[in-house]
$ cat coords09.cif   # mmCIF, C-alpha atoms
data_model
#
loop_
_atom_site.group_PDB
_atom_site.id
_atom_site.type_symbol
_atom_site.label_atom_id
_atom_site.label_comp_id
_atom_site.auth_asym_id
_atom_site.auth_seq_id
_atom_site.Cartn_x
_atom_site.Cartn_y
_atom_site.Cartn_z
ATOM 1 C CA MET S 1 0.000 0.000 0.000
ATOM 2 C CA SER S 2 1.162 3.531 -0.704
ATOM 3 C CA ARG S 3 0.075 7.019 0.295
ATOM 4 C CA LEU S 4 -0.263 10.283 -1.571
ATOM 5 C CA VAL S 5 0.578 13.323 0.530
ATOM 6 C CA LEU S 6 -0.486 16.830 -0.502
ATOM 7 C CA THR S 7 1.005 19.803 1.330
ATOM 8 C CA SER S 8 0.991 23.573 1.075
ATOM 9 C CA PRO S 9 1.253 26.556 3.421
ATOM 10 C CA ARG S 10 -2.300 27.326 2.261
ATOM 11 C CA LEU S 11 -3.727 23.933 1.299
ATOM 12 C CA GLU S 12 -7.507 24.110 0.861
ATOM 13 C CA LYS S 13 -10.106 21.364 0.625
ATOM 14 C CA HIS S 14 -11.277 22.359 -2.858
ATOM 15 C CA SER S 15 -7.722 21.973 -4.178
ATOM 16 C CA VAL S 16 -7.511 18.472 -2.727
ATOM 17 C CA LEU S 17 -10.864 17.524 -4.202
ATOM 18 C CA GLU S 18 -9.820 18.692 -7.664
ATOM 19 C CA ALA S 19 -6.593 16.684 -7.399
ATOM 20 C CA LEU S 20 -8.412 13.522 -6.334
ATOM 21 C CA GLU S 21 -11.004 13.919 -9.060
ATOM 22 C CA ALA S 22 -8.293 14.387 -11.684
ATOM 23 C CA LEU S 23 -6.703 11.117 -10.529
ATOM 24 C CA GLN S 24 -10.105 9.403 -10.327
ATOM 25 C CA LEU S 25 -9.692 8.699 -6.620
ATOM 26 C CA PRO S 26 -12.472 8.707 -3.974
ATOM 27 C CA THR S 27 -13.311 12.135 -2.552
ATOM 28 C CA LEU S 28 -15.421 11.182 0.451
ATOM 29 C CA GLY S 29 -14.248 12.263 3.890
ATOM 30 C CA VAL S 30 -11.574 14.678 2.699
ATOM 31 C CA GLU S 31 -10.136 16.644 5.600
ATOM 32 C CA VAL S 32 -7.126 18.953 5.534
ATOM 33 C CA LYS S 33 -5.140 19.085 8.784
ATOM 34 C CA HIS S 34 -2.147 21.331 9.431
ATOM 35 C CA ASN S 35 -1.825 22.209 5.732
ATOM 36 C CA ARG S 36 -1.589 18.501 4.871
ATOM 37 C CA TYR S 37 -3.784 15.824 3.336
ATOM 38 C CA VAL S 38 -2.933 12.115 3.198
ATOM 39 C CA CYS S 39 -4.673 9.691 0.848
ATOM 40 C CA GLU S 40 -4.073 6.026 1.615
ATOM 41 C CA LEU S 41 -4.197 4.211 -1.715
ATOM 42 C CA PRO S 42 -5.728 0.736 -2.024
ATOM 43 C CA GLU S 43 -3.508 -2.056 -3.329
ATOM 44 C CA ALA S 44 -5.413 -2.075 -6.610
ATOM 45 C CA VAL S 45 -4.584 1.582 -7.338
ATOM 46 C CA THR S 46 -1.344 2.427 -9.122
ATOM 47 C CA LEU S 47 -0.280 6.005 -9.716
ATOM 48 C CA THR S 48 2.463 6.011 -12.324
ATOM 49 C CA ALA S 49 5.109 8.693 -12.674
ATOM 50 C CA THR S 50 3.550 9.659 -15.997
ATOM 51 C CA LEU S 51 0.130 10.053 -14.412
ATOM 52 C CA LEU S 52 1.533 12.238 -11.661
ATOM 53 C CA GLN S 53 3.468 14.369 -14.137
ATOM 54 C CA GLU S 54 0.722 14.789 -16.698
ATOM 55 C CA VAL S 55 -2.398 14.827 -14.511
ATOM 56 C CA LEU S 56 -1.542 15.787 -10.929
ATOM 57 C CA LYS S 57 1.274 18.273 -11.513
ATOM 58 C CA PRO S 58 -0.821 20.746 -13.555
ATOM 59 C CA VAL S 59 -3.401 20.807 -10.743
ATOM 60 C CA ALA S 60 -0.644 21.230 -8.168
ATOM 61 C CA MET S 61 0.887 24.141 -10.063
ATOM 62 C CA THR S 62 -2.492 25.822 -10.437
ATOM 63 C CA HIS S 63 -3.431 25.493 -6.777
ATOM 64 C CA GLU S 64 0.124 25.848 -5.461
ATOM 65 C CA PHE S 65 0.585 22.679 -3.473
ATOM 66 C CA ASP S 66 3.347 20.052 -3.352
ATOM 67 C CA TYR S 67 2.822 16.309 -3.427
ATOM 68 C CA ALA S 68 4.682 13.083 -2.765
ATOM 69 C CA LEU S 69 3.782 9.473 -3.507
ATOM 70 C CA LEU S 70 5.324 7.300 -0.810
ATOM 71 C CA GLU S 71 5.362 3.572 -0.202
ATOM 72 C CA SER S 72 3.825 2.622 3.128
ATOM 73 C CA GLN S 73 7.170 1.582 4.607
ATOM 74 C CA VAL S 74 8.838 4.925 3.846
ATOM 75 C CA ASN S 75 9.324 6.882 7.067
ATOM 76 C CA ALA S 76 11.967 8.853 8.922
ATOM 77 C CA ASP S 77 13.575 5.697 10.348
ATOM 78 C CA GLN S 78 14.506 4.570 6.841
ATOM 79 C CA PHE S 79 17.030 7.409 6.497
ATOM 80 C CA LYS S 80 20.250 8.228 8.310
ATOM 81 C CA LEU S 81 21.749 11.123 6.330
ATOM 82 C CA LEU S 82 20.336 14.413 5.078
ATOM 83 C CA ALA S 83 22.578 15.931 2.387
ATOM 84 C CA MET S 84 21.868 19.390 1.004
ATOM 85 C CA ASP S 85 23.180 21.821 -1.532
ATOM 86 C CA MET S 86 23.758 25.306 -0.110
ATOM 87 C CA ASP S 87 23.018 28.113 -2.584
ATOM 88 C CA SER S 88 19.311 28.424 -3.429
ATOM 89 C CA THR S 89 18.604 25.323 -1.327
ATOM 90 C CA LEU S 90 19.625 25.680 2.317
ATOM 91 C CA ILE S 91 19.941 29.427 1.760
ATOM 92 C CA THR S 92 17.956 31.736 -0.493
ATOM 93 C CA ILE S 93 20.829 33.368 -2.390
ATOM 94 C CA GLU S 94 23.621 32.434 -4.780
ATOM 95 C CA CYS S 95 26.622 33.667 -2.789
ATOM 96 C CA ILE S 96 28.851 34.137 -5.813
ATOM 97 C CA ASP S 97 26.274 36.411 -7.451
ATOM 98 C CA GLU S 98 26.063 38.565 -4.331
ATOM 99 C CA ILE S 99 29.857 38.817 -4.049
ATOM 100 C CA ALA S 100 29.971 39.899 -7.695
ATOM 101 C CA ASP S 101 27.475 42.635 -6.913
ATOM 102 C CA PHE S 102 30.172 44.406 -4.900
ATOM 103 C CA VAL S 103 32.193 44.971 -8.083
ATOM 104 C CA GLY S 104 29.258 45.689 -10.370
ATOM 105 C CA LYS S 105 29.422 42.300 -12.101
ATOM 106 C CA LYS S 106 26.356 40.579 -10.676
ATOM 107 C CA LYS S 107 24.492 40.449 -14.007
ATOM 108 C CA GLU S 108 27.457 38.922 -15.804
ATOM 109 C CA VAL S 109 28.073 36.327 -13.111
ATOM 110 C CA SER S 110 24.363 35.564 -12.615
ATOM 111 C CA GLU S 111 23.945 34.740 -16.300
ATOM 112 C CA ILE S 112 26.674 32.096 -16.056
ATOM 113 C CA THR S 113 25.192 30.792 -12.777
ATOM 114 C CA GLU S 114 21.735 30.402 -14.304
ATOM 115 C CA ALA S 115 23.095 28.652 -17.405
ATOM 116 C CA ALA S 116 25.033 26.220 -15.217
ATOM 117 C CA MET S 117 21.998 25.474 -13.013
ATOM 118 C CA ARG S 118 19.896 24.776 -16.094
ATOM 119 C CA GLY S 119 22.569 22.398 -17.349
ATOM 120 C CA GLU S 120 23.382 24.523 -20.382
ATOM 121 C CA ILE S 121 27.035 24.668 -19.362
ATOM 122 C CA ALA S 122 27.915 21.005 -18.986
ATOM 123 C CA ASP S 123 31.284 21.593 -17.313
ATOM 124 C CA PHE S 124 30.575 23.069 -13.882
ATOM 125 C CA ALA S 125 34.284 23.522 -13.198
ATOM 126 C CA GLU S 126 34.556 25.718 -16.270
ATOM 127 C CA SER S 127 31.544 27.802 -15.281
ATOM 128 C CA LEU S 128 32.848 28.288 -11.737
ATOM 129 C CA THR S 129 36.339 29.178 -12.943
ATOM 130 C CA ARG S 130 34.873 31.793 -15.273
ATOM 131 C CA ARG S 131 32.740 33.289 -12.513
ATOM 132 C CA VAL S 132 35.431 33.329 -9.855
ATOM 133 C CA ALA S 133 37.847 35.015 -12.271
ATOM 134 C CA LEU S 134 35.422 37.942 -12.390
ATOM 135 C CA LEU S 135 35.821 38.358 -8.614
ATOM 136 C CA ARG S 136 39.482 39.249 -8.788
ATOM 137 C CA GLY S 137 40.226 42.198 -6.531
ATOM 138 C CA VAL S 138 37.078 41.919 -4.409
ATOM 139 C CA PRO S 139 37.981 42.711 -0.765
ATOM 140 C CA GLU S 140 37.591 39.881 1.749
ATOM 141 C CA SER S 141 35.260 42.164 3.703
ATOM 142 C CA ALA S 142 32.695 41.704 0.929
ATOM 143 C CA LEU S 143 32.294 38.056 1.972
ATOM 144 C CA ASP S 144 31.426 39.135 5.503
ATOM 145 C CA ALA S 145 28.956 41.663 4.133
ATOM 146 C CA VAL S 146 27.228 39.003 2.020
ATOM 147 C CA TYR S 147 26.975 36.652 5.000
ATOM 148 C CA ASN S 148 25.760 39.272 7.463
ATOM 149 C CA GLU S 149 23.539 41.368 5.216
ATOM 150 C CA ARG S 150 22.218 39.127 2.442
ATOM 151 C CA LEU S 151 22.422 35.463 3.397
ATOM 152 C CA ARG S 152 19.100 34.109 4.641
ATOM 153 C CA LEU S 153 18.048 30.552 5.399
ATOM 154 C CA SER S 154 15.375 29.129 3.117
ATOM 155 C CA PRO S 155 11.908 28.787 4.657
ATOM 156 C CA GLY S 156 11.635 25.696 6.819
ATOM 157 C CA ALA S 157 15.405 25.160 7.093
ATOM 158 C CA GLU S 158 15.584 25.233 10.872
ATOM 159 C CA ASN S 159 12.491 23.020 11.228
ATOM 160 C CA LEU S 160 13.995 20.469 8.841
ATOM 161 C CA LEU S 161 17.301 20.411 10.727
ATOM 162 C CA ALA S 162 15.474 20.031 14.039
ATOM 163 C CA PHE S 163 13.528 17.103 12.540
ATOM 164 C CA ALA S 164 16.800 15.591 11.324
ATOM 165 C CA ARG S 165 18.315 15.771 14.811
ATOM 166 C CA LYS S 166 15.188 14.313 16.388
ATOM 167 C CA SER S 167 15.210 11.490 13.830
ATOM 168 C CA GLY S 168 18.878 10.712 14.471
ATOM 169 C CA TRP S 169 20.067 11.753 11.020
ATOM 170 C CA LYS S 170 23.509 13.169 10.291
ATOM 171 C CA THR S 171 23.606 16.318 8.164
ATOM 172 C CA LEU S 172 25.884 17.120 5.238
ATOM 173 C CA LEU S 173 26.155 20.454 3.426
ATOM 174 C CA VAL S 174 27.945 19.873 0.131
ATOM 175 C CA SER S 175 28.280 22.858 -2.144
ATOM 176 C CA GLY S 176 29.778 24.161 -5.348
ATOM 177 C CA GLY S 177 29.952 27.405 -3.383
ATOM 178 C CA PHE S 178 32.565 28.425 -0.869
ATOM 179 C CA THR S 179 33.947 27.249 2.463
ATOM 180 C CA PHE S 180 33.736 30.805 3.823
ATOM 181 C CA PHE S 181 29.961 30.332 3.992
ATOM 182 C CA THR S 182 29.677 26.593 4.641
ATOM 183 C CA ASP S 183 32.020 26.846 7.642
ATOM 184 C CA LYS S 184 29.914 29.592 9.185
ATOM 185 C CA LEU S 185 26.702 27.689 8.566
ATOM 186 C CA LYS S 186 28.176 24.511 10.026
ATOM 187 C CA ALA S 187 28.958 26.300 13.284
ATOM 188 C CA ARG S 188 25.682 28.221 13.338
ATOM 189 C CA LEU S 189 23.365 25.306 12.546
ATOM 190 C CA GLY S 190 25.269 22.420 14.113
ATOM 191 C CA LEU S 191 25.801 20.564 10.851
ATOM 192 C CA ASP S 192 27.848 17.360 10.975
ATOM 193 C CA TYR S 193 29.740 17.582 7.686
ATOM 194 C CA THR S 194 30.469 20.211 5.032
ATOM 195 C CA ARG S 195 32.434 20.366 1.798
ATOM 196 C CA ALA S 196 32.844 23.276 -0.627
ATOM 197 C CA ASN S 197 35.362 25.251 -2.678
ATOM 198 C CA THR S 198 38.036 27.466 -1.134
ATOM 199 C CA LEU S 199 38.563 30.943 -2.548
ATOM 200 C CA GLU S 200 42.177 32.103 -2.746
ATOM 201 C CA ILE S 201 42.688 35.299 -0.763
ATOM 202 C CA VAL S 202 45.949 37.271 -0.843
ATOM 203 C CA ASP S 203 46.530 40.537 1.039
ATOM 204 C CA GLY S 204 42.858 40.743 1.945
ATOM 205 C CA HIS S 205 41.560 40.448 -1.625
ATOM 206 C CA LEU S 206 40.240 37.634 -3.815
ATOM 207 C CA THR S 207 42.684 36.580 -6.511
ATOM 208 C CA GLY S 208 40.017 35.237 -8.843
ATOM 209 C CA LYS S 209 41.132 31.641 -8.262
ATOM 210 C CA VAL S 210 39.946 28.586 -6.341
ATOM 211 C CA LEU S 211 42.371 26.551 -4.262
ATOM 212 C CA GLY S 212 42.435 22.797 -4.858
ATOM 213 C CA PRO S 213 40.080 20.620 -6.905
ATOM 214 C CA ILE S 214 36.728 22.188 -7.720
ATOM 215 C CA ILE S 215 33.672 20.666 -6.061
ATOM 216 C CA ASP S 216 31.528 19.849 -9.083
ATOM 217 C CA GLY S 217 28.673 17.382 -9.546
ATOM 218 C CA GLN S 218 30.999 14.373 -9.507
ATOM 219 C CA ALA S 219 32.720 15.560 -6.328
ATOM 220 C CA LYS S 220 29.350 16.149 -4.687
ATOM 221 C CA MET S 221 28.283 12.597 -5.460
ATOM 222 C CA GLU S 222 31.583 11.224 -4.179
ATOM 223 C CA THR S 223 31.213 13.264 -0.988
ATOM 224 C CA VAL S 224 27.762 11.815 -0.304
ATOM 225 C CA GLN S 225 29.074 8.303 -0.982
ATOM 226 C CA GLU S 226 32.155 8.816 1.190
ATOM 227 C CA THR S 227 30.030 10.181 4.031
ATOM 228 C CA CYS S 228 27.687 7.204 3.828
ATOM 229 C CA THR S 229 30.658 4.826 3.836
ATOM 230 C CA GLN S 230 32.084 6.613 6.873
ATOM 231 C CA MET S 231 28.707 6.207 8.600
ATOM 232 C CA GLY S 232 28.501 2.547 7.599
ATOM 233 C CA ILE S 233 25.292 2.934 5.626
ATOM 234 C CA ASP S 234 24.184 2.431 2.038
ATOM 235 C CA SER S 235 23.688 5.668 0.083
ATOM 236 C CA ARG S 236 20.043 4.696 -0.365
ATOM 237 C CA ARG S 237 19.569 5.612 3.266
ATOM 238 C CA SER S 238 20.233 9.251 2.431
ATOM 239 C CA ILE S 239 17.926 12.089 1.440
ATOM 240 C CA VAL S 240 19.595 14.494 -0.979
ATOM 241 C CA MET S 241 18.183 17.960 -1.664
ATOM 242 C CA GLY S 242 19.249 20.437 -4.332
ATOM 243 C CA ASP S 243 18.081 22.816 -7.016
ATOM 244 C CA GLY S 244 20.498 22.673 -9.943
ATOM 245 C CA ALA S 245 21.897 20.345 -12.591
ATOM 246 C CA ASN S 246 25.084 20.175 -10.542
ATOM 247 C CA ASP S 247 23.135 18.269 -7.861
ATOM 248 C CA LEU S 248 21.755 15.506 -10.059
ATOM 249 C CA LYS S 249 24.650 13.081 -9.661
ATOM 250 C CA MET S 250 24.503 13.076 -5.870
ATOM 251 C CA MET S 251 20.723 12.848 -6.047
ATOM 252 C CA SER S 252 20.993 9.759 -8.259
ATOM 253 C CA ILE S 253 22.589 7.632 -5.513
ATOM 254 C CA SER S 254 20.163 8.667 -2.763
ATOM 255 C CA GLY S 255 17.152 6.894 -1.397
ATOM 256 C CA ALA S 256 15.075 10.038 -1.886
ATOM 257 C CA SER S 257 16.052 12.922 -4.155
ATOM 258 C CA VAL S 258 14.262 16.216 -3.557
ATOM 259 C CA ALA S 259 14.309 19.142 -5.990
ATOM 260 C CA PHE S 260 13.783 22.365 -4.048
ATOM 261 C CA ARG S 261 12.275 25.134 -6.192
ATOM 262 C CA ALA S 262 14.428 23.785 -8.979
ATOM 263 C CA LYS S 263 14.677 24.261 -12.708
ATOM 264 C CA PRO S 264 12.172 22.147 -14.727
ATOM 265 C CA ALA S 265 14.904 19.914 -16.162
ATOM 266 C CA VAL S 266 16.045 19.060 -12.633
ATOM 267 C CA GLN S 267 12.526 18.365 -11.401
ATOM 268 C CA LEU S 268 12.022 15.804 -14.152
ATOM 269 C CA GLN S 269 14.967 13.771 -12.851
ATOM 270 C CA THR S 270 14.189 13.663 -9.133
ATOM 271 C CA ASP S 271 11.884 11.616 -6.928
ATOM 272 C CA TYR S 272 10.117 14.550 -5.290
ATOM 273 C CA CYS S 273 9.733 18.276 -5.859
ATOM 274 C CA ILE S 274 9.053 21.172 -3.513
ATOM 275 C CA ASN S 275 7.788 24.223 -5.355
ATOM 276 C CA PHE S 276 5.649 26.024 -2.797
ATOM 277 C CA GLY S 277 6.406 24.796 0.711
ATOM 278 C CA GLY S 278 9.583 25.187 2.709
ATOM 279 C CA LEU S 279 12.400 22.703 3.191
ATOM 280 C CA ASP S 280 10.424 21.236 6.085
ATOM 281 C CA THR S 281 7.877 19.872 3.591
ATOM 282 C CA VAL S 282 10.041 16.748 3.847
ATOM 283 C CA CYS S 283 8.975 16.460 7.492
ATOM 284 C CA GLN S 284 5.305 16.521 6.488
ATOM 285 C CA TRP S 285 5.905 13.612 4.132
ATOM 286 C CA LEU S 286 7.613 11.433 6.723
ATOM 287 C CA ILE S 287 5.610 11.963 9.904
#

$ encode --input "coords09.cif" --output "structure tokens"
Amino acid sequence: MSRLVLTSPRLEKHSVLEALEALQLPTLGVEVKHNRYVCELPEAVTLTATLLQEVLKPVAMTHEFDYALLESQVNADQFKLLAMDMDSTLITIECIDEIADFVGKKKEVSEITEAAMRGEIADFAESLTRRVALLRGVPESALDAVYNERLRLSPGAENLLAFARKSGWKTLLVSGGFTFFTDKLKARLGLDYTRANTLEIVDGHLTGKVLGPIIDGQAKMETVQETCTQMGIDSRRSIVMGDGANDLKMMSISGASVAFRAKPAVQLQTDYCINFGGLDTVCQWLI
């Protein structure tokens, strides 16, 4: 038996009814509790990925709710690791774009960032190298300003991390961004593991270079695998969350891949999508 979970910060009964009718499911006794509705599906009912994509998703986009189809045995105990991307996932900004803003190059850098997230620039290392080169001469103080003045946690981040701790999960922040920010977030949020790129800084200014190997999609996947090995678990006991094409490889080895407000091409390749709720939508699926 499986269950279909509908969630939204403003989930209404009429939205649920329209979704159930579209899927030709029973509509009797529908009750929305705490912005959540759970439909237990009979054994004889099968909701295919195609059906969800072509029938349920248009209704969900119209009425602004998220959904997840879960097997009955899927619950918080099944997972042991929560791995997340940083920029535009755990936090609301792209740090590199905000750093570039200090030298009037945000538009130029943002265009490369967007192309990379959409998967239009296949080589992430190349895209990052190009962007970081544009930061040459930026004072180190700009990084502090971005962290203190512009960096904000995504909605639901703290609730999700509290749920992770309560559930006994370890947490990993693995990013194509920079250690300056992941280190601060690790200390602030009590994360267990982090990995990111290191910006070269000389005489208080960025040189436009990254130190060491670049953390690209392959490195992200390897980091998730290495963390799971260190924990003594299979990677299928991990939940991996991200928003860009650079996250797809690490998502592919997880037990549950979650696209958070991601590009359409990314959403098509993940198990679950969050378009309207916060990061803690995951908690609503697993309780």

$ resolve_selection --input "coords09.cif" --expression "the PyMOL selection byres ((chain S and resi 97-99) around 9)" --output "ChimeraX atom specification"
/S:93-96,100-103,105-110,113,131,135,138,142-143,145-146,150

$ write_last_selection --input "coords09.cif" --atoms "C-alpha atoms" --output "tab-separated table (two decimals), in the coordinates of the input"
chain	number	residue	atom	x	y	z
S	93	ILE	CA	20.83	33.37	-2.39
S	94	GLU	CA	23.62	32.43	-4.78
S	95	CYS	CA	26.62	33.67	-2.79
S	96	ILE	CA	28.85	34.14	-5.81
S	100	ALA	CA	29.97	39.90	-7.70
S	101	ASP	CA	27.48	42.64	-6.91
S	102	PHE	CA	30.17	44.41	-4.90
S	103	VAL	CA	32.19	44.97	-8.08
S	105	LYS	CA	29.42	42.30	-12.10
S	106	LYS	CA	26.36	40.58	-10.68
S	107	LYS	CA	24.49	40.45	-14.01
S	108	GLU	CA	27.46	38.92	-15.80
S	109	VAL	CA	28.07	36.33	-13.11
S	110	SER	CA	24.36	35.56	-12.62
S	113	THR	CA	25.19	30.79	-12.78
S	131	ARG	CA	32.74	33.29	-12.51
S	135	LEU	CA	35.82	38.36	-8.61
S	138	VAL	CA	37.08	41.92	-4.41
S	142	ALA	CA	32.70	41.70	0.93
S	143	LEU	CA	32.29	38.06	1.97
S	145	ALA	CA	28.96	41.66	4.13
S	146	VAL	CA	27.23	39.00	2.02
S	150	ARG	CA	22.22	39.13	2.44

$ resolve_selection --input "coords09.cif" --expression "the PyMOL selection byres ((chain S and resi 85-89) around 6)" --output "list in words"
Met84, Leu90, Ile91, Thr92, Ile93, Glu94, Leu173, Val174, Ser175 and Gly242 of chain S

$ resolve_selection --input "coords09.cif" --expression "the PyMOL selection byres ((chain S and resi 215) around 8)" --output "PyMOL selection string"
chain S and resi 125+175-176+195-197+213-214+216-220

$ residues_around --input "coords09.cif" --residues "region 274-283 of chain S" --least-positions-apart "5" --cutoff "6 Å" --atoms "only C-alpha atoms" --output "ChimeraX atom specification"
/S:8,66,155-157,159-160,260-261

$ residues_around --input "coords09.cif" --residues "region 167-169 of chain S" --least-positions-apart "5" --cutoff "7 Å" --atoms "only C-alpha atoms" --output "ChimeraX atom specification"
/S:76-77,79-82

$ closest_residue --input "coords09.cif" --among "S:Pro264, S:Gly137, S:Tyr67, S:Leu151" --to "Met117 (chain S)" --atoms "all atoms listed in the file"
S:Pro264

$ residues_near_point --input "coords09.cif" --point "(22.6, 15.6, -15.3)" --cutoff "12 Å" --atoms "only C-alpha atoms" --output "number ranges by chain"
S: 116-124, 216-218, 221, 243-252, 265-270

$ write_last_selection --input "coords09.cif" --atoms "C-alpha atoms" --output "PDB file, in the coordinates of the input"
ATOM      1  CA  ALA S 116      25.033  26.220 -15.217  1.00  0.00           C
ATOM      2  CA  MET S 117      21.998  25.474 -13.013  1.00  0.00           C
ATOM      3  CA  ARG S 118      19.896  24.776 -16.094  1.00  0.00           C
ATOM      4  CA  GLY S 119      22.569  22.398 -17.349  1.00  0.00           C
ATOM      5  CA  GLU S 120      23.382  24.523 -20.382  1.00  0.00           C
ATOM      6  CA  ILE S 121      27.035  24.668 -19.362  1.00  0.00           C
ATOM      7  CA  ALA S 122      27.915  21.005 -18.986  1.00  0.00           C
ATOM      8  CA  ASP S 123      31.284  21.593 -17.313  1.00  0.00           C
ATOM      9  CA  PHE S 124      30.575  23.069 -13.882  1.00  0.00           C
ATOM     10  CA  ASP S 216      31.528  19.849  -9.083  1.00  0.00           C
ATOM     11  CA  GLY S 217      28.673  17.382  -9.546  1.00  0.00           C
ATOM     12  CA  GLN S 218      30.999  14.373  -9.507  1.00  0.00           C
ATOM     13  CA  MET S 221      28.283  12.597  -5.460  1.00  0.00           C
ATOM     14  CA  ASP S 243      18.081  22.816  -7.016  1.00  0.00           C
ATOM     15  CA  GLY S 244      20.498  22.673  -9.943  1.00  0.00           C
ATOM     16  CA  ALA S 245      21.897  20.345 -12.591  1.00  0.00           C
ATOM     17  CA  ASN S 246      25.084  20.175 -10.542  1.00  0.00           C
ATOM     18  CA  ASP S 247      23.135  18.269  -7.861  1.00  0.00           C
ATOM     19  CA  LEU S 248      21.755  15.506 -10.059  1.00  0.00           C
ATOM     20  CA  LYS S 249      24.650  13.081  -9.661  1.00  0.00           C
ATOM     21  CA  MET S 250      24.503  13.076  -5.870  1.00  0.00           C
ATOM     22  CA  MET S 251      20.723  12.848  -6.047  1.00  0.00           C
ATOM     23  CA  SER S 252      20.993   9.759  -8.259  1.00  0.00           C
ATOM     24  CA  ALA S 265      14.904  19.914 -16.162  1.00  0.00           C
ATOM     25  CA  VAL S 266      16.045  19.060 -12.633  1.00  0.00           C
ATOM     26  CA  GLN S 267      12.526  18.365 -11.401  1.00  0.00           C
ATOM     27  CA  LEU S 268      12.022  15.804 -14.152  1.00  0.00           C
ATOM     28  CA  GLN S 269      14.967  13.771 -12.851  1.00  0.00           C
ATOM     29  CA  THR S 270      14.189  13.663  -9.133  1.00  0.00           C
TER      30      THR S 270
END

$ closest_residue --input "coords09.cif" --among "S:Gly204, S:Lys209, S:Tyr147, S:Thr182" --to "Leu134 (chain S)" --atoms "only C-alpha atoms"
S:Lys209

$ atom_distance --input "coords09.cif" --atom1 "CA of Val30 (chain S)" --atom2 "CA of Val5 (chain S)"
12.4 Å

$ residues_around --input "coords09.cif" --residues "Val32 (chain S)" --least-positions-apart "5" --cutoff "7 Å" --atoms "all atoms listed in the file" --output "number ranges by chain"
S: 12-13, 37

$ residues_around --input "coords09.cif" --residues "region 183-193 of chain S" --least-positions-apart "5" --cutoff "7 Å" --atoms "all atoms listed in the file" --output "ChimeraX atom specification"
/S:170-173

$ write_last_selection --input "coords09.cif" --atoms "C-alpha atoms" --output "mmCIF file, in the coordinates of the input"
data_model
loop_
_atom_site.group_PDB
_atom_site.id
_atom_site.type_symbol
_atom_site.label_atom_id
_atom_site.label_comp_id
_atom_site.auth_asym_id
_atom_site.auth_seq_id
_atom_site.Cartn_x
_atom_site.Cartn_y
_atom_site.Cartn_z
ATOM 1 C CA LYS S 170 23.509 13.169 10.291
ATOM 2 C CA THR S 171 23.606 16.318 8.164
ATOM 3 C CA LEU S 172 25.884 17.120 5.238
ATOM 4 C CA LEU S 173 26.155 20.454 3.426
#

$ residues_around --input "coords09.cif" --residues "Glu31 (chain S)" --least-positions-apart "4" --cutoff "12 Å" --atoms "only C-alpha atoms" --output "list of chain:residue names"
S:Leu6, S:Leu11, S:Glu12, S:Lys13, S:His14, S:Ser15, S:Val16, S:Leu17, S:Thr27, S:Asn35, S:Arg36, S:Tyr37, S:Val38, S:Cys39

$ atom_distance --input "coords09.cif" --atom1 "CA of Val224 (chain S)" --atom2 "CA of Met241 (chain S)"
11.5 Å

$ atom_distance --input "coords09.cif" --atom1 "CA of Glu18 (chain S)" --atom2 "CA of Ser154 (chain S)"
29.3 Å

$ closest_residue --input "coords09.cif" --among "S:Asp234, S:Glu140, S:Glu126, S:Glu64" --to "Asp203 (chain S)" --atoms "all atoms listed in the file"
S:Glu140

$ closest_residue --input "coords09.cif" --among "S:Leu41, S:Cys273, S:Ala133, S:Ile239" --to "Val210 (chain S)" --atoms "only C-alpha atoms"
S:Ala133

$ closest_residue --input "coords09.cif" --among "S:Ala164, S:Ala19, S:Leu28, S:Leu70" --to "Val55 (chain S)" --atoms "all atoms listed in the file"
S:Ala19

$ closest_residue --input "coords09.cif" --among "S:His63, S:Leu25, S:Met231, S:Ile253" --to "Leu47 (chain S)" --atoms "only C-alpha atoms"
S:Leu25
